$ cat data19.cif   # mmCIF, C-alpha atoms
data_input
loop_
_atom_site.label_atom_id
_atom_site.label_comp_id
_atom_site.auth_asym_id
_atom_site.auth_seq_id
_atom_site.Cartn_x
_atom_site.Cartn_y
_atom_site.Cartn_z
CA VAL S 238 5.27 -84.02 31.82
CA PHE S 239 6.13 -81.88 28.78
CA GLY S 240 4.20 -81.60 25.55
CA LEU S 241 3.76 -79.79 22.25
CA GLU S 242 0.56 -79.76 20.24
CA TYR S 243 -0.77 -78.31 16.99
CA ARG S 244 -4.51 -78.18 16.36
CA LYS S 245 -6.73 -76.86 13.58
CA ASP S 246 -10.41 -76.35 14.33
CA LYS S 247 -12.83 -76.04 11.42
CA LEU S 248 -16.51 -75.28 11.31
CA ASP S 249 -18.68 -75.48 8.21
CA LEU S 250 -22.34 -75.03 9.06
CA ARG S 251 -24.61 -75.84 6.16
CA THR S 252 -28.35 -75.41 6.32
CA SER S 253 -31.19 -75.63 3.86
CA PRO S 254 -32.67 -72.46 2.36
CA GLU S 255 -35.74 -73.04 4.54
CA GLN S 256 -33.65 -73.12 7.74
CA ALA S 257 -31.55 -70.16 6.66
CA ASN S 258 -34.72 -68.07 6.36
CA GLY S 259 -36.50 -69.37 9.47
CA GLY S 260 -39.05 -71.40 7.56
CA ILE S 261 -38.90 -74.57 9.67
CA THR S 262 -38.62 -73.60 13.34
CA PHE S 263 -39.17 -69.83 12.85
CA ASN S 264 -35.52 -69.43 13.93
CA ILE S 265 -33.01 -68.31 11.31
CA VAL S 266 -30.09 -70.79 11.16
CA PRO S 267 -27.53 -69.12 8.89
CA GLN S 268 -24.73 -70.81 6.96
CA PHE S 269 -21.15 -69.87 7.77
CA ALA S 270 -17.66 -71.41 7.78
CA ASN S 271 -14.29 -70.55 9.28
CA ASP S 272 -11.30 -72.08 11.05
CA ILE S 273 -8.75 -71.43 13.82
CA ASP S 274 -5.12 -72.65 14.11
CA VAL S 275 -3.62 -73.29 17.55
CA MET S 276 -0.04 -74.15 18.59
CA GLU S 277 0.42 -75.14 22.26
CA VAL S 278 3.28 -76.07 24.60
CA PHE S 279 2.66 -77.28 28.16
CA THR S 280 4.27 -78.77 31.26
CA GLU S 281 3.05 -80.30 34.53
CA MET S 282 5.11 -81.14 37.62
CA ALA S 283 4.35 -82.56 41.05
CA PHE S 284 6.95 -83.04 43.78
CA PRO S 285 7.23 -83.53 47.55
CA ILE S 286 8.88 -80.85 49.68
CA THR S 287 8.77 -82.81 52.94
CA GLU S 288 7.01 -85.99 54.03
CA THR S 289 3.88 -83.98 54.86
CA PHE S 290 4.18 -81.08 52.41
CA SER S 291 3.87 -81.26 48.61
CA ALA S 292 3.39 -78.96 45.63
CA GLU S 293 2.05 -79.11 42.09
CA ILE S 294 2.60 -76.66 39.24
CA SER S 295 1.58 -76.57 35.59
CA ALA S 296 1.76 -74.10 32.70
CA ARG S 297 0.49 -73.85 29.14
CA ALA S 298 1.09 -71.34 26.34
CA ALA S 299 -1.09 -71.31 23.24
CA ASN S 300 -0.88 -69.20 20.08
CA TYR S 301 -4.17 -68.65 18.21
CA SER S 302 -4.53 -67.48 14.63
CA PRO S 303 -7.30 -64.81 15.07
CA ASP S 304 -5.78 -61.32 15.13
CA GLY S 305 -7.43 -60.32 18.39
CA VAL S 306 -6.26 -63.34 20.37
CA ASP S 307 -2.57 -64.01 19.67
CA THR S 308 -0.80 -65.89 22.54
CA VAL S 309 -2.55 -66.87 25.79
CA PHE S 310 -1.04 -68.25 28.99
CA SER S 311 -2.50 -70.52 31.66
CA TYR S 312 -0.82 -71.79 34.82
CA THR S 313 -1.60 -73.18 38.26
CA ALA S 314 0.21 -73.76 41.55
CA GLY S 315 -1.04 -75.73 44.52
CA LEU S 316 0.18 -76.75 47.99
CA MET S 317 -0.94 -79.64 50.20
CA TRP S 318 -0.03 -79.96 53.89
CA GLU S 319 -0.86 -82.97 56.03
CA VAL S 320 -1.21 -81.25 59.39
CA ALA S 321 -1.84 -84.54 61.20
CA ASP S 322 -2.78 -88.04 60.23
CA GLY S 323 -6.09 -87.75 58.37
CA TYR S 324 -6.15 -83.92 58.33
CA HIS S 325 -5.08 -81.90 55.28
CA LEU S 326 -4.89 -78.21 54.43
CA ARG S 327 -4.66 -77.16 50.78
CA GLY S 328 -4.49 -74.02 48.70
CA ASN S 329 -4.46 -73.44 44.97
CA PHE S 330 -4.17 -70.56 42.53
CA ALA S 331 -4.96 -70.95 38.85
CA ARG S 332 -4.97 -68.57 35.92
CA ALA S 333 -6.84 -69.79 32.88
CA GLN S 334 -7.28 -67.98 29.59
CA ARG S 335 -9.94 -69.00 27.11
CA ALA S 336 -9.86 -67.90 23.50
CA PRO S 337 -13.19 -67.30 21.73
CA THR S 338 -14.59 -70.15 19.67
CA ILE S 339 -15.31 -70.05 15.95
CA THR S 340 -19.00 -69.46 16.63
CA GLU S 341 -18.30 -66.68 19.13
CA LEU S 342 -16.04 -64.94 16.63
CA TYR S 343 -17.69 -65.41 13.27
CA SER S 344 -21.32 -66.44 13.65
CA PRO S 345 -23.89 -64.25 11.88
CA PRO S 346 -27.15 -63.61 13.77
CA ARG S 347 -28.76 -66.92 14.82
CA GLY S 348 -32.46 -66.98 15.57
CA ASP S 349 -33.66 -67.21 19.17
CA TYR S 350 -36.69 -66.16 21.22
CA ASP S 351 -36.34 -64.64 24.73
CA SER S 352 -39.13 -63.09 26.74
CA TYR S 353 -38.51 -59.48 27.76
CA THR S 354 -40.43 -56.29 28.47
CA ASP S 355 -39.84 -53.21 26.33
CA ILE S 356 -38.56 -50.33 28.50
CA CYS S 357 -40.94 -48.07 26.56
CA ASP S 358 -43.99 -50.05 27.72
CA GLY S 359 -46.52 -47.71 29.36
CA ALA S 360 -44.93 -44.55 27.98
CA THR S 361 -47.32 -41.60 27.75
CA ALA S 362 -46.88 -37.95 26.89
CA THR S 363 -46.04 -37.16 30.51
CA SER S 364 -44.72 -40.44 32.03
CA ASP S 365 -41.39 -40.14 33.85
CA ASP S 366 -40.41 -43.79 34.15
CA PRO S 367 -36.75 -44.58 33.37
CA GLY S 368 -36.12 -44.22 29.64
CA HIS S 369 -39.55 -42.86 28.70
CA ALA S 370 -38.20 -39.42 27.80
CA ASN S 371 -35.91 -41.00 25.20
CA CYS S 372 -38.68 -43.35 24.07
CA ARG S 373 -40.74 -40.34 23.10
CA LEU S 374 -37.90 -39.19 20.83
CA ASP S 375 -38.69 -42.12 18.54
CA PRO S 376 -41.33 -40.77 16.11
CA ARG S 377 -42.94 -44.19 15.72
CA ILE S 378 -43.52 -44.54 19.47
CA MET S 379 -44.64 -40.93 19.76
CA ALA S 380 -47.17 -41.47 16.96
CA VAL S 381 -48.74 -44.32 18.96
CA ILE S 382 -48.83 -42.17 22.11
CA GLU S 383 -50.55 -39.33 20.22
CA ALA S 384 -53.11 -41.73 18.74
CA ASP S 385 -53.79 -44.00 21.75
CA GLY S 386 -52.48 -42.02 24.72
CA GLU S 387 -50.08 -44.81 25.73
CA PHE S 388 -47.51 -47.08 24.13
CA VAL S 389 -48.18 -50.74 25.01
CA ASP S 390 -45.45 -53.31 24.48
CA ASP S 391 -46.32 -56.09 22.03
CA ASN S 392 -42.88 -57.37 21.02
CA ASN S 393 -42.49 -60.78 19.38
CA SER S 394 -39.67 -61.93 21.74
CA TYR S 395 -37.32 -62.45 18.79
CA SER S 396 -33.77 -62.00 20.10
CA PRO S 397 -31.08 -63.55 17.86
CA ASN S 398 -27.49 -64.13 18.96
CA ALA S 399 -24.43 -63.04 16.99
CA GLY S 400 -20.64 -63.39 17.13
CA ASN S 401 -18.09 -60.61 17.15
CA GLU S 402 -14.77 -60.72 15.26
CA GLU S 403 -13.28 -58.16 17.65
CA LEU S 404 -13.38 -60.58 20.60
CA PHE S 405 -10.19 -61.56 22.41
CA GLU S 406 -9.36 -64.02 25.19
CA GLU S 407 -11.00 -63.94 28.61
CA THR S 408 -8.88 -64.46 31.75
CA GLY S 409 -10.00 -66.31 34.85
CA ASP S 410 -8.21 -66.24 38.23
CA THR S 411 -9.30 -68.81 40.81
CA TRP S 412 -8.26 -69.03 44.45
CA THR S 413 -9.27 -72.00 46.57
CA VAL S 414 -8.43 -72.65 50.22
CA GLY S 415 -9.76 -75.61 52.12
CA PHE S 416 -9.27 -78.59 54.37
CA SER S 417 -10.27 -82.24 54.40
CA MET S 418 -10.48 -84.72 57.23
CA GLU S 419 -10.74 -88.47 57.73
CA PRO S 420 -10.45 -88.73 61.52
CA ASP S 421 -9.54 -91.98 63.24
CA TRP S 422 -12.14 -91.39 65.94
CA LEU S 423 -14.99 -91.33 63.37
CA ASN S 424 -14.82 -94.47 61.26
CA ASN S 425 -15.43 -94.23 57.51
CA PHE S 426 -16.21 -90.50 57.63
CA ARG S 427 -14.78 -87.95 55.16
CA LEU S 428 -15.40 -84.21 55.03
CA ALA S 429 -14.04 -81.49 52.75
CA VAL S 430 -14.69 -77.75 53.04
CA ASP S 431 -13.40 -75.28 50.44
CA TYR S 432 -13.66 -71.54 49.94
CA TYR S 433 -13.42 -70.44 46.30
CA ASN S 434 -13.01 -67.06 44.69
CA ILE S 435 -13.30 -66.79 40.92
CA LYS S 436 -12.79 -63.65 38.86
CA ILE S 437 -13.10 -63.57 35.08
CA THR S 438 -11.88 -60.43 33.34
CA ASP S 439 -12.84 -59.57 29.77
CA ALA S 440 -15.55 -62.23 30.05
CA ILE S 441 -17.08 -63.25 26.72
CA THR S 442 -20.82 -62.87 27.09
CA SER S 443 -23.77 -60.92 25.81
CA PHE S 444 -25.81 -58.27 27.55
CA GLY S 445 -29.31 -59.22 28.69
CA ASN S 446 -32.24 -57.80 26.73
CA GLU S 447 -33.38 -55.52 29.54
CA LEU S 448 -29.82 -54.23 29.94
CA ILE S 449 -29.51 -53.52 26.20
CA LEU S 450 -32.73 -51.50 26.31
CA GLN S 451 -31.60 -49.70 29.46
CA GLN S 452 -28.25 -48.76 27.92
CA CYS S 453 -30.05 -47.48 24.83
CA TYR S 454 -32.91 -45.50 26.35
CA ASP S 455 -31.92 -44.80 29.97
CA SER S 456 -28.44 -43.31 29.51
CA ASP S 457 -27.01 -39.83 29.18
CA VAL S 458 -25.79 -40.55 25.63
CA GLY S 459 -29.31 -40.71 24.24
CA ILE S 460 -30.59 -42.77 21.33
CA GLY S 461 -28.50 -41.24 18.56
CA PRO S 462 -25.83 -42.88 16.39
CA ASP S 463 -23.24 -42.50 19.20
CA ASN S 464 -25.06 -45.16 21.23
CA PRO S 465 -24.06 -48.65 19.93
CA PHE S 466 -26.74 -50.40 21.97
CA CYS S 467 -29.51 -48.69 20.04
CA ALA S 468 -28.09 -50.12 16.82
CA ASP S 469 -29.12 -53.59 18.05
CA VAL S 470 -32.77 -52.59 18.67
CA TYR S 471 -35.01 -52.91 15.60
CA ARG S 472 -38.55 -51.53 15.62
CA ASP S 473 -41.35 -51.73 13.06
CA ASP S 474 -43.56 -48.88 11.82
CA ASP S 475 -45.73 -49.21 14.94
CA GLY S 476 -42.74 -48.84 17.25
CA GLN S 477 -42.82 -52.49 18.31
CA ILE S 478 -39.49 -54.35 18.68
CA TYR S 479 -39.30 -57.09 16.08
CA GLU S 480 -35.62 -57.92 16.67
CA LEU S 481 -33.34 -57.36 19.66
CA LEU S 482 -29.82 -58.52 18.80
CA GLN S 483 -27.64 -60.06 21.50
CA ARG S 484 -24.07 -59.56 20.31
CA LEU S 485 -21.08 -61.02 22.17
CA TYR S 486 -18.61 -58.68 23.86
CA ASN S 487 -15.61 -58.87 26.17
CA GLN S 488 -17.33 -57.44 29.21
CA ASP S 489 -15.20 -56.07 32.02
CA GLU S 490 -15.37 -58.50 34.93
CA THR S 491 -17.47 -61.33 36.36
CA LYS S 492 -16.72 -62.60 39.83
CA THR S 493 -18.17 -65.00 42.35
CA ASP S 494 -17.14 -66.52 45.66
CA GLY S 495 -18.61 -69.08 47.98
CA ILE S 496 -18.16 -72.23 50.03
CA ASP S 497 -18.40 -75.86 48.93
CA VAL S 498 -18.94 -78.64 51.47
CA THR S 499 -18.89 -82.36 50.61
CA TRP S 500 -19.08 -85.39 52.86
CA ASP S 501 -19.71 -89.12 52.94
CA TRP S 502 -20.11 -91.52 55.87
CA LEU S 503 -20.19 -95.29 55.59
CA PHE S 504 -22.04 -97.30 58.25
CA GLU S 505 -21.27 -101.01 58.30
CA LEU S 506 -24.34 -103.04 59.27
CA GLY S 507 -22.75 -106.46 59.38
CA SER S 508 -24.95 -109.12 57.84
CA HIS S 509 -27.47 -106.41 56.90
CA GLY S 510 -25.11 -104.75 54.40
CA ASP S 511 -23.89 -101.18 54.68
CA LEU S 512 -25.39 -97.69 54.54
CA THR S 513 -23.72 -94.62 53.01
CA TRP S 514 -24.77 -91.07 53.69
CA SER S 515 -23.23 -88.53 51.32
CA GLY S 516 -23.97 -85.00 50.23
CA ASP S 517 -22.77 -81.63 49.06
CA TYR S 518 -23.71 -78.03 49.80
CA THR S 519 -22.83 -74.77 48.05
CA HIS S 520 -23.39 -71.27 49.38
CA ILE S 521 -22.67 -68.31 47.08
CA PHE S 522 -21.64 -65.11 48.85
CA ASN S 523 -21.47 -62.95 45.76
CA HIS S 524 -22.03 -63.22 42.02
CA GLU S 525 -21.82 -60.04 39.97
CA THR S 526 -20.64 -58.52 36.72
CA THR S 527 -18.90 -55.16 36.37
CA PHE S 528 -18.78 -53.62 32.91
CA TYR S 529 -18.26 -50.33 31.13
CA GLY S 530 -21.62 -49.15 29.89
CA ILE S 531 -22.51 -45.99 28.06
CA ASP S 532 -22.43 -43.93 31.27
CA GLY S 533 -19.27 -45.50 32.74
CA LEU S 534 -18.50 -48.39 35.06
CA GLU S 535 -21.58 -50.29 36.23
CA THR S 536 -22.07 -53.32 38.47
CA VAL S 537 -24.97 -55.74 38.21
CA SER S 538 -25.54 -58.34 40.94
CA TYR S 539 -26.96 -61.70 39.91
CA ASN S 540 -26.90 -63.46 43.26
CA GLY S 541 -30.13 -64.83 44.69
CA GLN S 542 -32.25 -63.76 41.70
CA LEU S 543 -34.40 -66.16 39.71
CA ASP S 544 -34.15 -64.03 36.57
CA TYR S 545 -30.46 -65.01 36.39
CA GLY S 546 -30.88 -68.52 37.82
CA ILE S 547 -28.35 -67.94 40.63
CA PHE S 548 -29.49 -69.59 43.87
CA LYS S 549 -27.54 -68.62 46.99
CA ASP S 550 -27.97 -72.08 48.50
CA VAL S 551 -28.02 -75.40 46.67
CA ALA S 552 -27.57 -78.82 48.26
CA SER S 553 -28.12 -82.49 47.64
CA THR S 554 -27.86 -85.55 49.83
CA SER S 555 -28.41 -89.26 49.43
CA LEU S 556 -28.77 -92.35 51.60
CA THR S 557 -27.67 -95.57 49.89
CA TRP S 558 -28.10 -99.12 51.23
CA ARG S 559 -26.11 -101.97 49.71
CA LYS S 560 -26.22 -105.69 50.45
CA ASP S 561 -24.80 -108.33 48.15
CA ASN S 562 -26.27 -107.50 44.74
CA TRP S 563 -28.99 -105.17 46.02
CA ARG S 564 -28.81 -101.38 46.00
CA VAL S 565 -31.46 -98.90 47.22
CA ARG S 566 -30.89 -95.13 47.09
CA TRP S 567 -32.90 -92.17 48.37
CA PHE S 568 -31.80 -88.83 46.87
CA VAL S 569 -32.87 -85.31 47.91
CA LYS S 570 -32.09 -82.07 46.05
CA TYR S 571 -32.59 -78.66 47.65
CA LYS S 572 -32.68 -75.15 46.19
CA GLY S 573 -32.98 -72.25 48.61
CA SER S 574 -35.48 -69.41 48.56
CA ILE S 575 -34.95 -66.79 45.88
CA VAL S 576 -36.39 -63.48 44.65
CA ASP S 577 -37.56 -62.66 41.14
CA HIS S 578 -35.24 -59.65 40.81
CA ASN S 579 -33.59 -57.22 43.24
CA ASP S 580 -35.05 -54.21 41.42
CA ARG S 581 -38.56 -55.40 42.31
CA VAL S 582 -37.49 -55.99 45.91
CA ASP S 583 -36.12 -52.42 46.15
CA ASP S 584 -39.33 -51.01 44.64
CA TRP S 585 -41.45 -52.99 47.11
CA LYS S 586 -39.38 -51.87 50.11
CA GLU S 587 -39.65 -48.24 48.99
CA LEU S 588 -43.43 -48.45 48.61
CA LYS S 589 -43.72 -50.24 51.94
CA ALA S 590 -41.70 -47.52 53.69
CA GLU S 591 -43.95 -44.83 52.16
CA ASN S 592 -47.05 -46.72 53.27
CA ASP S 593 -45.70 -47.21 56.80
CA ALA S 594 -45.05 -43.47 57.01
CA ALA S 595 -48.58 -42.74 55.80
CA CYS S 596 -50.03 -45.10 58.39
CA SER S 597 -47.94 -43.56 61.17
CA ALA S 598 -49.22 -40.12 60.17
CA GLY S 599 -52.83 -41.34 60.12
CA SER S 600 -53.16 -40.49 56.43
CA ASP S 601 -56.12 -41.67 54.38
CA ASP S 602 -53.58 -43.09 51.92
CA CYS S 603 -52.58 -45.72 54.46
CA ILE S 604 -53.17 -49.32 53.32
CA THR S 605 -53.52 -51.67 56.26
CA ASP S 606 -52.20 -55.22 55.84
CA ALA S 607 -50.56 -54.34 52.54
CA GLU S 608 -49.90 -57.47 50.49
CA LYS S 609 -46.50 -58.39 49.13
CA PRO S 610 -46.29 -58.33 45.33
CA LYS S 611 -47.09 -61.62 43.69
CA TYR S 612 -44.30 -63.73 42.24
CA LEU S 613 -41.60 -61.67 43.94
CA TYR S 614 -40.48 -64.12 46.63
CA TYR S 615 -40.19 -67.82 45.80
CA PRO S 616 -39.83 -70.42 48.57
CA ALA S 617 -37.17 -73.10 48.87
CA THR S 618 -37.86 -76.29 46.90
CA TRP S 619 -37.14 -79.95 47.62
CA ARG S 620 -37.16 -82.92 45.25
CA HIS S 621 -37.02 -86.55 46.35
CA ASP S 622 -35.98 -89.50 44.18
CA LEU S 623 -35.98 -93.21 44.95
CA SER S 624 -34.14 -95.88 42.98
CA LEU S 625 -33.30 -99.57 43.44
CA SER S 626 -31.41 -102.19 41.48
CA TYR S 627 -30.46 -105.87 41.60
CA LEU S 628 -27.44 -107.34 39.81
CA MET S 629 -27.60 -110.98 38.72
CA ASP S 630 -24.42 -112.84 37.72
CA LEU S 631 -24.75 -115.10 34.66
CA ARG S 632 -22.38 -117.52 32.97
CA ASP S 633 -19.28 -116.45 31.01
CA ASN S 634 -18.87 -113.17 32.94
CA GLN S 635 -22.28 -111.93 31.85
CA THR S 636 -24.50 -109.86 34.15
CA LEU S 637 -28.16 -108.93 34.19
CA ARG S 638 -29.24 -105.83 36.11
CA PHE S 639 -32.84 -105.01 36.99
CA TYR S 640 -33.46 -101.42 38.02
CA GLY S 641 -36.31 -99.02 38.62
CA GLY S 642 -37.40 -96.08 40.68
CA VAL S 643 -39.48 -92.97 41.14
CA LYS S 644 -38.28 -89.45 40.41
CA ASN S 645 -40.03 -86.66 42.30
CA VAL S 646 -41.64 -89.08 44.74
CA PHE S 647 -43.97 -86.51 46.29
CA ASN S 648 -45.10 -85.07 42.94
CA ASP S 649 -43.85 -81.57 43.74
CA MET S 650 -44.51 -79.47 40.63
CA GLY S 651 -42.39 -76.53 41.81
CA PRO S 652 -43.53 -72.91 42.23
CA PHE S 653 -45.72 -71.20 39.66
CA VAL S 654 -43.84 -68.69 37.47
CA PRO S 655 -46.14 -66.50 35.34
CA ARG S 656 -45.48 -65.70 31.71
CA THR S 657 -46.53 -62.06 31.92
CA GLY S 658 -46.82 -59.32 34.50
CA ASP S 659 -44.36 -57.21 36.47
CA ASN S 660 -42.02 -60.17 37.06
CA TYR S 661 -38.61 -60.33 35.35
CA GLU S 662 -38.40 -64.12 35.14
CA ARG S 663 -40.94 -65.42 32.64
CA GLY S 664 -42.14 -69.00 32.87
CA ILE S 665 -44.98 -71.18 31.70
CA GLY S 666 -46.79 -72.11 34.89
CA ASN S 667 -44.85 -74.67 36.90
CA PHE S 668 -42.63 -75.58 33.96
CA ASP S 669 -39.76 -73.23 34.79
CA SER S 670 -36.46 -74.90 33.97
CA LYS S 671 -34.57 -73.04 36.70
CA PHE S 672 -36.63 -74.94 39.26
CA GLU S 673 -36.54 -78.15 37.19
CA GLY S 674 -40.27 -78.17 37.80
CA GLY S 675 -43.39 -79.17 35.96
CA ILE S 676 -42.51 -82.80 35.34
CA GLY S 677 -44.27 -84.28 38.35
CA ARG S 678 -43.84 -87.88 39.45
CA PHE S 679 -41.91 -90.08 37.00
CA VAL S 680 -41.71 -93.88 37.31
CA PHE S 681 -39.15 -95.93 35.40
CA LEU S 682 -38.14 -99.59 35.01
CA GLY S 683 -35.23 -101.08 33.10
CA LEU S 684 -33.19 -104.15 32.28
CA GLU S 685 -29.48 -104.16 31.38
CA TRP S 686 -27.57 -107.17 30.03
CA ARG S 687 -23.78 -106.97 29.81
CA MET S 688 -21.34 -109.30 28.08
CA GLN S 689 -17.68 -108.92 28.99
#

$ encode --input "data19.cif" --output "structure tokens"
Amino acid sequence: VFGLEYRKDKLDLRTSPEQANGGITFNIVPQFANDIDVMEVFTEMAFPITETFSAEISARAANYSPDGVDTVFSYTAGLMWEVADGYHLRGNFARAQRAPTITELYSPPRGDYDSYTDICDGATATSDDPGHANCRLDPRIMAVIEADGEFVDDNNSYSPNAGNEELFEETGDTWTVGFSMEPDWLNNFRLAVDYYNIKITDAITSFGNELILQQCYDSDVGIGPDNPFCADVYRDDDGQIYELLQRLYNQDETKTDGIDVTWDWLFELGSHGDLTWSGDYTHIFNHETTFYGIDGLETVSYNGQLDYGIFKDVASTSLTWRKDNWRVRWFVKYKGSIVDHNDRVDDWKELKAENDAACSAGSDDCITDAEKPKYLYYPATWRHDLSLSYLMDLRDNQTLRFYGGVKNVFNDMGPFVPRTGDNYERGIGNFDSKFEGGIGRFVFLGLEWRMQ
């Protein structure tokens, strides 16, 4: 396959004066317009090498009009080897380059609200928490400390997003190695296991609010004009943050690797229909971002932390029974245990070690049966769904389908995630979207009529 393509993307966002000034949803939705021209050429080829060995390759070159992007290249190469009848080994390498979108390049600040804790919270005249020394250099914060003895965070959570015309393309390299099997000795069974390794360099993303504040106040550069992060932190006369701008950047590198497992197994029940058991499981070994901050190269791990929504283990499985026009399905989704944030875990382990030492020494400072911090460790969650349907054939190739079911059969509301406190992840009770919680049991019924 060979091809050539020209494309012009345009965006013209028009809003009312009320929206543009945040008068409807309290979020500013600005007007802006721009366009991007793209010229692409591509090819794809697949060919056998032997009867049991085959290869696939593809390539694409694209020229973009923005000055920072220019020409980007993407390509992939894959091999498939049938080791024995029903057993396959495969490997694939792919390089993909993604140019920034019109919004990522040209968008002015767009209103958004994100919960975060000001790094200057709790600052006093003598506090030595990270960043507090630089916090005291702000005369507005220092005035509050002199008057009240302590600066208490009362930010409004306003954190708009903005584009960046200096963005350029991000590059992703993906390696996958795996095998699949459909053995003769196990009827109607299929299994696939794949290891993946993904690395994105110059990733287009924004820094988190806490990281922006850390780079501003807890770095060797200080809070002067040489620190670009401080330019995105806006405080009022009382020192409170009223706007924390999340601007897009080409950060250095984001990488992740893990294992994917999928399977399905069909059981034939004769006159009683058939039963299919299928599922998938993902385990993430690593998920981190490395970037150049104010003080040099830094690495932030996201794996297994609720604040970033990265669960190490996620799985789902279903059992489906079919007979004639009937279908009944039981579905289970699993998310493994997770911590609020690794920084809190490290703090807890350090305090626990100090307390254990005090107890071993017989010190009066020893706390027996010390409790773990609340909302630091979250347990694994399970959700069960049940659905059924019946398909009725009508005249003239028409069908009528009755269906219904129960989502979250056992009414599991998910773990409680507080809105305030020492936790990084901020929720509203059980309604934390990263757990898909808070909905409770949901019953539905429906009728579908099709005419062909």

$ resolve_selection --input "data19.cif" --expression "the PyMOL selection byres ((chain S and resi 482) around 10)" --output "CSV table (one decimal) with C-alpha atoms, in the frame of the given file"
chain,number,residue,atom,x,y,z
S,346,PRO,CA,-27.2,-63.6,13.8
S,347,ARG,CA,-28.8,-66.9,14.8
S,348,GLY,CA,-32.5,-67.0,15.6
S,349,ASP,CA,-33.7,-67.2,19.2
S,395,TYR,CA,-37.3,-62.4,18.8
S,396,SER,CA,-33.8,-62.0,20.1
S,397,PRO,CA,-31.1,-63.6,17.9
S,398,ASN,CA,-27.5,-64.1,19.0
S,399,ALA,CA,-24.4,-63.0,17.0
S,443,SER,CA,-23.8,-60.9,25.8
S,444,PHE,CA,-25.8,-58.3,27.6
S,445,GLY,CA,-29.3,-59.2,28.7
S,446,ASN,CA,-32.2,-57.8,26.7
S,449,ILE,CA,-29.5,-53.5,26.2
S,466,PHE,CA,-26.7,-50.4,22.0
S,467,CYS,CA,-29.5,-48.7,20.0
S,468,ALA,CA,-28.1,-50.1,16.8
S,469,ASP,CA,-29.1,-53.6,18.0
S,470,VAL,CA,-32.8,-52.6,18.7
S,471,TYR,CA,-35.0,-52.9,15.6
S,479,TYR,CA,-39.3,-57.1,16.1
S,480,GLU,CA,-35.6,-57.9,16.7
S,481,LEU,CA,-33.3,-57.4,19.7
S,483,GLN,CA,-27.6,-60.1,21.5
S,484,ARG,CA,-24.1,-59.6,20.3
S,485,LEU,CA,-21.1,-61.0,22.2

$ closest_residue --input "data19.cif" --among "S:Glu447, S:Asp544, S:Glu673, S:Asp421" --to "S:Asn660" --atoms "only C-alpha atoms"
S:Asp544

$ atom_distance --input "data19.cif" --atom1 "atom CA of S:Gly495" --atom2 "atom CA of S:Tyr615"
21.7 Å

$ atom_distance --input "data19.cif" --atom1 "atom CA of S:Thr280" --atom2 "atom CA of S:Leu316"
17.3 Å

$ residues_around --input "data19.cif" --residues "S:Asp304" --least-positions-apart "4" --cutoff "10 Å" --atoms "all atoms listed in the file" --output "list of chain:residue names"
S:Glu402, S:Glu403, S:Leu404, S:Phe405

$ atom_distance --input "data19.cif" --atom1 "atom CA of S:Trp686" --atom2 "atom CA of S:Gln635"
7.3 Å

$ resolve_selection --input "data19.cif" --expression "the PyMOL selection byres ((chain S and resi 681) around 9)" --output "ChimeraX atom specification"
/S:640-644,679-680,682-683

$ axis_aligned_box --input "data19.cif" --around "stretch 641-656 of chain S" --padding-each-side "6 Å" --output "JSON"
{"center_x": -41.2, "center_y": -82.4, "center_z": 39.0, "size_x": 21.8, "size_y": 45.3, "size_z": 26.6}
